[in-house]
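Dropping structure19.cif in here (mmCIF, C-alpha atoms):
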data_start
#
loop_
_atom_site.label_atom_id
_atom_site.label_comp_id
_atom_site.auth_asym_id
_atom_site.auth_seq_id
_atom_site.Cartn_x
_atom_site.Cartn_y
_atom_site.Cartn_z
CA MET B 1 -10.13 12.06 -20.93
CA SER B 2 -12.88 14.21 -19.44
CA ILE B 3 -11.88 16.23 -16.39
CA ALA B 4 -15.39 16.76 -15.05
CA SER B 5 -14.70 15.56 -11.53
CA PRO B 6 -16.82 13.59 -9.09
CA MET B 7 -17.27 14.57 -5.47
CA ASN B 8 -13.91 14.97 -3.74
CA SER B 9 -12.83 12.18 -1.44
CA ALA B 10 -10.91 14.53 0.84
CA GLY B 11 -10.79 18.19 1.80
CA PRO B 12 -7.98 20.56 0.80
CA ILE B 13 -4.44 20.25 2.09
CA GLU B 14 -3.76 23.43 4.01
CA ASP B 15 -0.07 23.48 5.02
CA ILE B 16 3.32 21.85 4.49
CA GLU B 17 3.03 19.60 7.54
CA GLN B 18 -0.27 18.20 6.32
CA LEU B 19 1.15 17.80 2.81
CA ASP B 20 4.24 15.93 4.00
CA GLU B 21 2.10 13.68 6.20
CA ARG B 22 -0.19 12.82 3.28
CA LEU B 23 2.72 12.23 0.88
CA SER B 24 4.37 9.82 3.32
CA ARG B 25 1.28 7.93 4.52
CA PRO B 26 1.81 4.20 3.86
CA THR B 27 -0.96 1.92 2.68
CA PRO B 28 -1.76 -1.25 4.64
CA GLN B 29 -0.47 -3.23 1.66
CA LEU B 30 2.89 -1.46 1.85
CA VAL B 31 3.12 -2.07 5.59
CA ASP B 32 2.58 -5.78 4.97
CA HIS B 33 5.10 -5.77 2.13
CA LEU B 34 7.91 -4.09 4.07
CA ALA B 35 7.32 -6.50 6.95
CA GLN B 36 8.51 -9.25 4.58
CA LEU B 37 11.76 -7.50 3.57
CA GLU B 38 14.78 -7.82 5.83
CA GLY B 39 17.43 -5.26 6.63
CA ASP B 40 18.12 -1.56 6.70
CA LEU B 41 17.33 0.84 3.85
CA ILE B 42 19.68 3.48 2.47
CA VAL B 43 18.30 6.20 0.18
CA LEU B 44 20.95 7.72 -2.09
CA GLY B 45 20.10 11.24 -3.26
CA ILE B 46 17.45 11.76 -0.60
CA GLY B 47 17.61 15.54 -0.97
CA GLY B 48 15.57 15.70 -4.18
CA LYS B 49 11.85 16.37 -4.62
CA MET B 50 10.67 12.82 -3.80
CA GLY B 51 13.36 11.57 -1.45
CA PRO B 52 12.26 13.01 1.90
CA THR B 53 8.66 11.80 1.81
CA LEU B 54 9.63 8.45 0.28
CA ALA B 55 12.09 7.82 3.13
CA ARG B 56 9.53 8.93 5.68
CA MET B 57 6.96 6.56 4.16
CA ALA B 58 9.47 3.71 4.45
CA LYS B 59 10.13 4.59 8.09
CA ARG B 60 6.43 4.86 8.93
CA ALA B 61 5.57 1.60 7.19
CA SER B 62 8.42 -0.22 8.93
CA GLU B 63 7.34 1.09 12.32
CA GLU B 64 3.73 0.10 11.70
CA ALA B 65 4.96 -3.35 10.68
CA GLY B 66 6.97 -3.64 13.89
CA VAL B 67 10.24 -3.95 11.94
CA PRO B 68 13.27 -2.30 13.61
CA ARG B 69 14.70 -0.93 10.36
CA ARG B 70 17.20 1.89 10.03
CA VAL B 71 16.37 4.28 7.19
CA ILE B 72 19.46 6.25 6.14
CA GLY B 73 19.43 9.21 3.78
CA VAL B 74 22.50 10.35 1.83
CA SER B 75 22.83 13.72 0.10
CA ARG B 76 25.00 16.81 -0.06
CA PHE B 77 22.34 18.56 2.06
CA SER B 78 23.29 21.93 0.61
CA GLY B 79 19.95 23.54 1.47
CA PRO B 80 18.89 24.58 4.98
CA GLY B 81 16.67 22.56 7.28
CA LEU B 82 16.31 19.25 5.43
CA ARG B 83 18.64 17.20 7.62
CA GLU B 84 16.88 18.39 10.76
CA ARG B 85 13.47 17.61 9.29
CA LEU B 86 14.54 14.10 8.24
CA GLU B 87 16.13 13.37 11.59
CA GLY B 88 12.96 14.56 13.29
CA TRP B 89 11.15 11.82 11.38
CA GLY B 90 13.63 9.21 12.64
CA ILE B 91 15.71 9.06 9.46
CA GLU B 92 19.49 9.00 9.86
CA THR B 93 21.44 11.32 7.56
CA ILE B 94 24.92 11.26 6.04
CA ALA B 95 26.25 14.27 4.09
CA GLY B 96 28.71 13.97 1.23
CA ASP B 97 29.37 13.84 -2.50
CA LEU B 98 28.40 10.48 -3.99
CA LEU B 99 30.78 11.05 -6.92
CA ASP B 100 33.64 10.93 -4.41
CA GLY B 101 34.83 7.33 -4.39
CA ASP B 102 36.22 7.55 -0.86
CA PHE B 103 32.93 8.89 0.46
CA MET B 104 30.99 6.15 -1.34
CA ALA B 105 33.26 3.51 0.17
CA SER B 106 32.65 4.93 3.65
CA LEU B 107 28.89 4.44 3.52
CA PRO B 108 27.39 1.71 5.69
CA GLU B 109 26.28 -1.53 4.09
CA ALA B 110 22.51 -1.94 3.69
CA PRO B 111 20.53 -4.84 2.25
CA LEU B 112 18.04 -2.42 0.67
CA VAL B 113 19.20 0.46 -1.53
CA MET B 114 17.14 3.10 -3.31
CA SER B 115 19.05 5.22 -5.82
CA MET B 116 17.37 8.54 -6.55
CA VAL B 117 20.48 10.32 -7.82
CA GLY B 118 20.50 11.91 -11.24
CA MET B 119 20.62 15.18 -13.15
CA LYS B 120 18.05 16.58 -15.55
CA PHE B 121 17.67 20.33 -15.32
CA GLY B 122 20.74 22.22 -16.42
CA ALA B 123 21.85 19.28 -18.56
CA THR B 124 22.15 21.50 -21.64
CA GLY B 125 25.50 23.26 -21.35
CA ASN B 126 26.61 20.93 -18.57
CA GLU B 127 26.60 17.66 -20.42
CA SER B 128 29.71 16.16 -18.82
CA LEU B 129 28.31 16.42 -15.29
CA THR B 130 24.97 15.07 -16.54
CA TRP B 131 26.72 11.95 -17.86
CA ALA B 132 28.83 11.64 -14.72
CA MET B 133 25.75 11.75 -12.49
CA ASN B 134 23.52 9.61 -14.66
CA ALA B 135 25.90 7.06 -16.18
CA HIS B 136 29.12 7.00 -14.12
CA LEU B 137 27.70 7.21 -10.59
CA PRO B 138 25.63 4.00 -11.05
CA SER B 139 28.89 2.05 -11.43
CA LEU B 140 30.11 3.35 -8.06
CA ILE B 141 26.77 2.46 -6.47
CA CYS B 142 26.78 -1.04 -7.95
CA ARG B 143 30.32 -1.78 -6.81
CA LYS B 144 29.61 -0.55 -3.29
CA PHE B 145 26.28 -2.35 -2.92
CA ALA B 146 26.94 -5.47 -4.98
CA ARG B 147 25.24 -7.72 -2.40
CA SER B 148 22.17 -5.50 -1.88
CA ARG B 149 18.80 -5.19 -3.54
CA ILE B 150 18.92 -1.98 -5.60
CA MET B 151 15.86 -0.01 -6.72
CA ALA B 152 17.00 2.68 -9.19
CA PHE B 153 14.93 5.52 -10.56
CA SER B 154 15.09 6.16 -14.29
CA THR B 155 12.89 8.26 -16.56
CA GLY B 156 10.22 7.81 -19.16
CA ASN B 157 12.27 10.09 -21.41
CA VAL B 158 14.23 7.03 -22.57
CA TYR B 159 11.25 6.06 -24.73
CA GLY B 160 11.02 9.28 -26.74
CA LEU B 161 7.81 10.67 -28.21
CA VAL B 162 5.02 8.27 -29.18
CA PRO B 163 1.61 8.79 -30.85
CA VAL B 164 -0.95 10.26 -28.44
CA THR B 165 -3.36 7.48 -29.44
CA SER B 166 -0.88 4.73 -28.50
CA GLY B 167 -1.77 4.52 -24.82
CA GLY B 168 1.86 5.24 -23.93
CA SER B 169 5.13 3.33 -24.00
CA LEU B 170 5.32 -0.14 -22.48
CA GLU B 171 8.36 -1.56 -20.71
CA THR B 172 9.00 -3.83 -23.70
CA ASP B 173 8.95 -1.04 -26.30
CA PRO B 174 12.09 0.07 -28.17
CA LEU B 175 14.00 2.94 -26.53
CA ARG B 176 14.55 6.10 -28.60
CA PRO B 177 16.03 8.74 -26.28
CA GLU B 178 16.16 12.30 -27.60
CA GLY B 179 18.79 14.71 -26.27
CA GLU B 180 21.69 14.42 -23.83
CA TYR B 181 19.53 13.98 -20.73
CA ALA B 182 17.49 11.11 -22.15
CA MET B 183 20.58 9.47 -23.64
CA SER B 184 22.40 9.68 -20.32
CA GLY B 185 19.28 8.23 -18.70
CA LEU B 186 19.59 5.23 -20.99
CA GLY B 187 23.29 5.11 -20.12
CA ARG B 188 22.29 4.91 -16.45
CA GLU B 189 20.02 1.96 -17.15
CA ARG B 190 22.71 0.16 -19.15
CA MET B 191 25.23 0.57 -16.33
CA TYR B 192 22.81 -0.88 -13.80
CA GLU B 193 22.00 -3.70 -16.21
CA HIS B 194 25.69 -4.46 -16.76
CA PHE B 195 26.48 -4.77 -13.07
CA SER B 196 23.29 -6.68 -12.37
CA ARG B 197 24.25 -9.25 -14.99
CA THR B 198 27.95 -9.50 -14.11
CA GLN B 199 27.61 -9.32 -10.29
CA GLY B 200 24.21 -10.97 -9.99
CA THR B 201 22.94 -7.92 -8.09
CA PRO B 202 19.12 -7.97 -8.00
CA MET B 203 17.64 -4.69 -9.22
CA THR B 204 14.49 -2.89 -10.28
CA ILE B 205 14.62 0.06 -12.69
CA LEU B 206 11.68 2.45 -12.45
CA ARG B 207 10.80 4.66 -15.42
CA LEU B 208 8.82 7.53 -13.91
CA ASN B 209 6.87 10.40 -15.43
CA TYR B 210 5.50 12.51 -13.92
CA ALA B 211 5.24 12.56 -10.11
CA CYS B 212 3.19 15.48 -8.88
CA GLU B 213 2.34 17.05 -5.52
CA LEU B 214 1.17 20.56 -4.63
CA ARG B 215 4.53 22.38 -4.84
CA TYR B 216 5.74 21.01 -8.18
CA GLY B 217 4.74 18.84 -11.10
CA VAL B 218 3.04 19.14 -14.48
CA LEU B 219 -0.31 20.11 -12.94
CA VAL B 220 1.35 22.76 -10.78
CA ASP B 221 3.12 24.21 -13.84
CA LEU B 222 -0.25 24.46 -15.60
CA ALA B 223 -2.07 25.85 -12.56
CA GLN B 224 0.50 28.60 -12.06
CA LYS B 225 0.21 29.69 -15.68
CA VAL B 226 -3.58 29.64 -15.64
CA TYR B 227 -3.73 31.61 -12.38
CA ALA B 228 -1.22 34.19 -13.64
CA GLY B 229 -2.99 34.59 -16.98
CA LYS B 230 0.01 33.28 -18.93
CA PRO B 231 -0.56 31.33 -22.15
CA VAL B 232 -0.18 27.55 -22.00
CA ASP B 233 1.63 25.96 -24.94
CA LEU B 234 -0.51 23.10 -26.29
CA SER B 235 2.11 21.57 -28.58
CA MET B 236 2.68 18.84 -25.97
CA GLY B 237 -1.03 18.29 -25.84
CA VAL B 238 -1.24 15.36 -23.43
CA ALA B 239 0.66 14.09 -20.38
CA ASN B 240 0.69 11.45 -17.64
CA VAL B 241 0.88 12.30 -13.95
CA ILE B 242 0.75 10.43 -10.64
CA TRP B 243 0.38 11.69 -7.09
CA GLN B 244 3.84 11.58 -5.54
CA GLY B 245 2.59 9.62 -2.54
CA ASP B 246 1.41 6.86 -4.88
CA ALA B 247 4.73 6.94 -6.73
CA ASN B 248 6.53 6.63 -3.38
CA ALA B 249 4.48 3.56 -2.51
CA VAL B 250 5.10 1.85 -5.86
CA ALA B 251 8.83 2.52 -5.58
CA LEU B 252 8.96 0.92 -2.12
CA HIS B 253 6.91 -2.05 -3.31
CA ALA B 254 9.41 -2.44 -6.15
CA LEU B 255 12.15 -3.28 -3.64
CA GLY B 256 10.53 -6.71 -3.50
CA CYS B 257 10.55 -7.16 -7.28
CA THR B 258 14.27 -7.01 -7.90
CA SER B 259 15.91 -9.51 -10.22
CA SER B 260 19.02 -10.13 -12.29
CA PRO B 261 18.89 -8.91 -15.02
CA PRO B 262 16.92 -5.93 -13.72
CA PHE B 263 13.14 -5.88 -13.56
CA VAL B 264 11.88 -2.78 -15.42
CA LEU B 265 8.67 -1.01 -14.39
CA ASN B 266 6.87 2.13 -15.54
CA ILE B 267 5.31 4.41 -12.94
CA THR B 268 2.61 6.93 -13.82
CA GLY B 269 -1.13 7.41 -13.59
CA PRO B 270 -3.65 5.45 -15.68
CA GLU B 271 -4.94 8.43 -17.69
CA THR B 272 -3.70 10.21 -20.78
CA LEU B 273 -4.58 13.75 -19.73
CA SER B 274 -5.56 16.49 -22.16
CA VAL B 275 -3.57 19.61 -21.27
CA ARG B 276 -6.40 21.82 -22.50
CA GLN B 277 -9.02 20.03 -20.41
CA VAL B 278 -6.82 20.11 -17.32
CA CYS B 279 -6.33 23.85 -17.73
CA GLU B 280 -10.05 24.40 -18.20
CA ARG B 281 -10.76 22.46 -15.01
CA LEU B 282 -8.09 24.42 -13.12
CA GLY B 283 -9.54 27.66 -14.48
CA GLU B 284 -13.01 26.75 -13.21
CA GLN B 285 -11.60 26.02 -9.76
CA MET B 286 -9.51 29.20 -9.57
CA GLY B 287 -11.87 31.63 -11.30
CA ARG B 288 -9.52 32.21 -14.22
CA GLU B 289 -9.93 31.90 -17.99
CA PRO B 290 -7.06 29.83 -19.43
CA GLN B 291 -5.05 31.29 -22.30
CA PHE B 292 -3.55 28.97 -24.91
CA THR B 293 -0.98 29.09 -27.65
CA GLY B 294 -0.05 26.55 -30.32
CA GLU B 295 -1.82 23.40 -31.38
CA PRO B 296 -1.52 19.85 -30.01
CA ARG B 297 1.01 17.73 -31.88
CA PRO B 298 0.23 14.10 -32.77
CA ASP B 299 2.91 12.69 -30.44
CA ALA B 300 4.00 13.16 -26.83
CA LEU B 301 6.07 11.65 -24.04
CA LEU B 302 3.72 9.05 -22.54
CA ASN B 303 4.15 6.09 -20.21
CA ASN B 304 1.86 3.10 -19.92
CA SER B 305 1.85 1.86 -16.32
CA GLN B 306 -0.67 -0.97 -16.65
CA LEU B 307 1.86 -3.52 -15.35
CA ALA B 308 2.38 -1.58 -12.11
CA HIS B 309 -1.39 -1.17 -11.75
CA ARG B 310 -1.90 -4.91 -12.10
CA MET B 311 0.78 -5.59 -9.53
CA PHE B 312 0.01 -2.91 -6.94
CA GLY B 313 -3.41 -1.47 -7.79
CA TYR B 314 -4.48 1.92 -9.08
CA PRO B 315 -3.30 5.15 -7.43
CA GLU B 316 -5.15 6.00 -4.23
CA VAL B 317 -5.33 9.72 -5.11
CA SER B 318 -7.25 10.34 -8.32
CA VAL B 319 -6.27 12.97 -10.85
CA HIS B 320 -9.56 14.74 -10.09
CA GLN B 321 -8.61 15.05 -6.44
CA LEU B 322 -5.10 16.16 -7.31
CA ILE B 323 -6.34 18.89 -9.67
CA ASP B 324 -8.69 20.24 -7.00
CA TRP B 325 -5.97 20.19 -4.32
CA ILE B 326 -3.53 22.02 -6.60
CA ALA B 327 -6.06 24.63 -7.69
CA ALA B 328 -6.83 25.48 -4.06
CA TRP B 329 -3.13 25.49 -3.12
CA VAL B 330 -2.00 27.75 -5.97
CA ALA B 331 -4.94 30.15 -5.57
CA ALA B 332 -4.13 30.48 -1.86
CA GLY B 333 -0.49 31.35 -2.60
CA GLY B 334 0.87 28.04 -1.32
CA GLU B 335 4.60 27.36 -1.38
CA SER B 336 6.22 26.36 -4.68
CA LEU B 337 9.55 24.60 -5.12
CA GLY B 338 10.23 26.76 -8.16
CA LYS B 339 11.25 23.75 -10.24
CA PRO B 340 9.15 23.58 -13.42
CA THR B 341 9.04 20.15 -15.02
CA LYS B 342 9.59 21.44 -18.56
CA PHE B 343 7.28 18.62 -19.65
CA GLU B 344 6.43 20.63 -22.78
CA VAL B 345 10.02 20.36 -24.10
CA ARG B 346 9.96 18.32 -27.30
CA ASP B 347 13.61 18.36 -28.40
CA GLY B 348 15.15 16.81 -25.27
CA ARG B 349 17.05 19.95 -24.26
CA PHE B 350 16.58 20.57 -20.52
#

Structure encoded using structure tokens:
Amino acid sequence: MSIASPMNSAGPIEDIEQLDERLSRPTPQLVDHLAQLEGDLIVLGIGGKMGPTLARMAKRASEEAGVPRRVIGVSRFSGPGLRERLEGWGIETIAGDLLDGDFMASLPEAPLVMSMVGMKFGATGNESLTWAMNAHLPSLICRKFARSRIMAFSTGNVYGLVPVTSGGSLETDPLRPEGEYAMSGLGRERMYEHFSRTQGTPMTILRLNYACELRYGVLVDLAQKVYAGKPVDLSMGVANVIWQGDANAVALHALGCTSSPPFVLNITGPETLSVRQVCERLGEQMGREPQFTGEPRPDALLNNSQLAHRMFGYPEVSVHQLIDWIAAWVAAGGESLGKPTKFEVRDGRF
């Protein structure tokens, strides 16, 4: 696609507080939707990149809907400050190891469950923990929350590489995972499917790639390389991205789409983005000349999210806006989470 952008719909995001507010801002449609769902919400693995703002969005939408809903976040909370920040937003927190069966059993019941737990980075060389997190932990979650609605995050990596001209993988396409991480991701889905079928637990499985905000994501990886004058590898020549706030909203909407067997839904943006064109646009915004290495290959990891777009509409934040926000953020020395996506990896080794 062409990256020549139209006039921006919003000014730059200038600090973390403004970023978190924007990432967690619910749409009127989401407010209406959560008003129709009953019960408290527990978010398992809230300490990851998406969890905090997703939980805050759920809390804000529930409050705007006038629904007295508890939102509870569960994580190890090994890093400083996150629990305090969540509790300041009105989100209850519980610290512990979800692989510990006794701890899992001690968690409060909740009609609505969002599972964000999983392991990707560091999977190579630590395969046993990757499988434990991605394929064993779902069985503990399903047994504990057998009577709840469960929305579980998965990954688009389960599809494997597809032709760049294909428009991306659909939910009905064959699954061809490459590497331990992707295979364990499929194992996660199969465990959820098994318990959904045998227990009748209603579920939605979300295959996501790639959520992006200003501190991490495919576009941030590219912007940092362009700004630093480092060459960008073009072998993975195209990618999908979606503003994390839009991904948060779709995930919360998906709580109302659960079924047995599980309902499966892709989440990403509508465009197949050219990595070269994105870098050229970032370079224009940041006053840098992009450097490239390699040549685009004929296949890539691509999701087709047309079903989600039909159900919930297109993302509110366009890729043009996101590129401009990220260019300004990176050029100004904005905070980075230091967690590259490794989207360019083609052999499944993360």

Exercise for the section: May I have the residues within 10 Å of B:Leu186 as an MDAnalysis selection string, using all atoms listed in the file and disregarding those fewer than 6 positions away in the same chain? Expected result: chainID B and resid 134:135 154:159 175:177 180 192

Practice task
Convert the output of the PyMOL selection byres ((chain B and resi 266) around 10) on the shown file into explicit residues, formatted as a PyMOL selection string.
Solution key: chain B and resi 154-156+169-171+205-209+250+264-265+267-269+303-309

Practice task
Starting from the displayed file, determine the output of the PyMOL selection byres ((chain B and resi 327) around 8) and express the residue list as a list in words.
Solution key: Ala223, Leu282, Gln285, Met286, Ile323, Asp324, Trp325, Ile326, Ala328, Trp329, Val330 and Ala331 of chain B

Practice task
Using only C-alpha atoms, pick whichever of B:Ser184, B:Gln277, B:Thr258, B:Thr272 has the shortest atom-to-atom distance to B:Ser196.
Solution key: B:Thr258

Exercise for the section: Kindly resolve the PyMOL selection byres ((chain B and resi 42) around 7) on the present coordinates and return the residues as a PyMOL selection string. Expected result: chain B and resi 40-41+43-44+71-73+110+112-114

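Between atom CA of B:Pro111 and atom CA of B:Phe145 the separation is 8.1 Å.
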
Exercise for the section: Please identify all polymer residues within 7 Å of B:Leu302, counting only C-alpha atoms, omitting same-chain residues fewer than 6 positions from it, and present them as a list in words. Expected result: Val162, Gly168, Ser169, Ala239 and Asn240 of chain B

Exercise for the section: Compile the contact shell of stretch 65-67 of chain B as number ranges by chain: residues with an atom at most 12 Å away, counting all atoms listed in the file, same-chain residues fewer than 5 positions apart removed. Expected result: B: 26-41, 58-60

Fill in the blank from the handout: Min atom-atom distance to B:Thr93 from the set B:His194, B:Arg70, B:Arg346, B:Arg147, counting only C-alpha atoms, belongs to B:Arg70

Problem - Minimum-distance residue to B:Glu63, chosen among B:Cys142, B:Val164, B:Leu86, B:Ile91 (using all atoms listed in the file) - result: B:Ile91

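Shortest atom-to-atom contact with B:Gln224 among B:Ala254, B:Ala332, B:Met191, B:Ala247: B:Ala332, counting all atoms listed in the file.
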
Exercise for the section: Determine the nearest neighbour of B:Leu222 from the options B:Pro340, B:Gly118, B:Gly125, B:Gly333, counting only C-alpha atoms. Expected result: B:Pro340

Practice task
Pick out the residues sitting within 8 Å of B:Val275, and hand them over as a PyMOL selection string; count only C-alpha atoms, and ignore anything fewer than 6 positions along from it in its own chain.
Solution key: chain B and resi 234+236-239

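A distance cut-off of 8 Å around (18.9, 14.8, 2.9), counting all atoms listed in the file, selects these protein and nucleic acid residues: Gly45, Ile46, Gly47, Gly48, Gly51, Pro52, Gly73, Val74, Ser75, Arg76, Phe77, Leu82, Arg83, Leu86, Thr93, Ile94 and Ala95 of chain B.
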
Fill in the blank from the handout: For B:Glu21, the closest of B:Gly245, B:Tyr210, B:Pro108, B:Gly160 counting all atoms listed in the file is B:Gly245
